[in-house]
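Report on one structure; see the data block that follows.
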Amino acid sequence: MAPYASDDSTTAGEVDEQRSGRRKAARYVVPVTVIGVAAATIGLVPALADSGDPDLPKITAQQLIEKIAKSDVQQLSGTVKISTDLGLPNLGGLESGLLSGAAGQGEGGSSADPTAKLTELASGTHTLRVAADGPDRQKLSLLENAAEYSIIHNGKDVWGYDSKSNEVYHGTSSKSPERGKDQQPPATPKDFAEEALKAVDDTTSVAVEGTAQVAGRDAYKLVVKPKQSGSTVGAISVAVDAKTGMPLKFTLTPASGGAAVVDVGFTKVDFAKPAASTFDFTPPKGAKVTEEKDAGKGAEKAPGAPFAKGGARDHAPNAGEDFGKGLDGMKTIGEGWNAIATFDTGGEGVPSGGAGGDLGGFMDSLGDKVHGDFGSGTVFSTRLVNALVTDDGKVYAGLVTKDALVKAADAGK
């Protein structure tokens with residue numbers, strides 16, 4: 001078999017059949033979640049300088065995917081660059097304001113709560129320092145202007161520390177074996193690559209397209225592309241370390257062209273064992289410490305209280321009830337990268353025009369009004385995920401074009 005041949009049908013059909021049950025989950029994310037929380041899963045890195053393509057032994061796509069699967073790097077330290085270019089509407093600073101606000105709240109209002117702080121990764125460019133020493137010790141630091149935010153998992157303890165506010169968040173991983181892992185967001189190319197490879201199936205082309213150098217290390221370039229037209233995904237490229245099999249860089253480019261939507265990569269990496277002191281943490285003197293068991297106390301007084309449990313959303317007539325029914329009834333239309341998730345919210349569509357007043361006008365400015373056999377609705381777009389909300393409350397969403405959503409709505413009328 002020719003080295004660097006695409007191996008499209010072979011690889012797509014044979015790659016880890018046990019992944020099949022997770023493919024759809026990896027491909028579908030409700031657009032509201034993507035827009036608001038994609039920070040934990042999406043990033044972009046400025047192009048890293050290559051010092052010439054290394055001459056490496058030939059390898060097929062199937063072999064390279066197997067190499068990634070067998071990779072078991074337990075110890076490392078390095079620097080990762082992340083930024084996000086989802087192409088969200090320009091809200092005059094509202095987007096960054098909302099994200100900053102969320103970052104400052106968290107459970108119980110702690111700015112050190114990882115679930116809130118890391119929403120900042122949803123926009124802009126960021127530098128992360130990462131370190132790991134087996135499954136029980138990891139550290140991730142988000143470097144900011146004259147400040148730093150860190151998550152440290154050391155044994156049973158999980159710490160979050162915001163140096164800007166001098167606040168500390170403390171939880172434990174002993175009650176749930178996955179707790180420490182859950183506190184750590186996807187932050188390395190390996191995290192992103194694993195999710196992307198879950199989506200490989202017969203609608204996918206997989207090829208090895210040469211070599212590269214990333215963070216001073218020789219790597220193979222694995223390229224994954226949808227075979228079908230109509231997807232917003234152009235290609236996914238993964239630079240795989242030739243020695244360890246660990247992904248060093250991950251790039252997702254949109255079918256529309258332009259800058260990458262997702263591109264996360266090491267600028268420096270070292271596979272030596274980090275010093276034990278890397279994972280030591282003691283709350284600084286004078287720091288406000290929020291314990292996990294106390295997080296959420298007083299939440300009814302927090303700025304986000306109307307949307308907390310027991311707040312206005314839960315008590316509104318049929319509010320969570322109707323929406324929950326819609327999610328329970330979520331269906332999938334189509335297959336592969338062109339698949340569309342659809343559900344009925346059980347309510348009315350997006351306010352628009354004169355009927356919606358000021359809110360309707362605002363929503364119109366964020367989305368595009370569309371019409372079809374299904375009636376009319378509004379499409380909300382990013383460079384990756386599009387969502388159609390019909391005037392009668394149905395939602396169609398996926399990594400597909402606006403036209404594909406309209407066709408799906410017409411077929412389901």
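Ordering of the structure tokens sets the chain letters (A, B, ...), residue numbers begin anew at 1 in every chain, and ligands are numbered from 1 in the order given.
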
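For region 242-249 of chain A, the non-local neighbours within 7 Å, defined as residues at least 2 positions apart in the same chain or in other chains and counting only C-alpha atoms, are Lys67, Ile68, Ser71, Pro189, Lys190, Ala193, Val214, Asp218, Ala219, Tyr220, Val238, Ala239, Val240, Thr251, Val264, Gly265 and Phe266 of chain A.
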
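With only C-alpha atoms taken into account, the protein and nucleic acid residues at most 8 Å from Val223 (chain A) (excluding it and anything under 5 positions from it in its own chain) are Val206, Ala207, Val208, Glu209, Ala235, Ile236, Ser237 and Val238 of chain A.
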
| field | Gap from CA of Lys402 (chain A) to CA of Gly347 (chain A) - Å, one decimal | value | 22.2 Å

| request: Skip Lys227 (chain A) itself and residues of its chain fewer than 5 positions away, then list as an MDAnalysis selection string all residues within 8 Å of it, counting only C-alpha atoms. | output: chainID A and resid 203:205

Restrict the selected residues to C-alpha atoms and save them as a PDB file, in the first residue's frame.
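So out_30.pdb came out as:
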```pdb
ATOM      1  CA  THR A 203     -18.449   9.343   5.549  1.00  0.00           C
ATOM      2  CA  THR A 204     -14.888  10.368   6.423  1.00  0.00           C
ATOM      3  CA  SER A 205     -11.656  10.556   4.438  1.00  0.00           C
TER       4      SER A 205
END
```

| query | Running DSSP on the backbone, which parts of region 207-275 of chain A land in strand (DSSP E or B), as a PyMOL selection string? | reply | chain A and resi 207-214+217-226+231+233-241+247-254+262-270

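Atom pair CA of Met330 (chain A) / CA of Leu118 (chain A): separated by 28.3 Å.
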
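The space between CA of Lys198 (chain A) and CA of Ile65 (chain A) spans 11.1 Å.
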
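Comparing A:Thr119, A:Thr60, A:Asn338, A:Gln75 by their smallest distance to Lys221 (chain A), the closest is A:Thr60 (using only C-alpha atoms).
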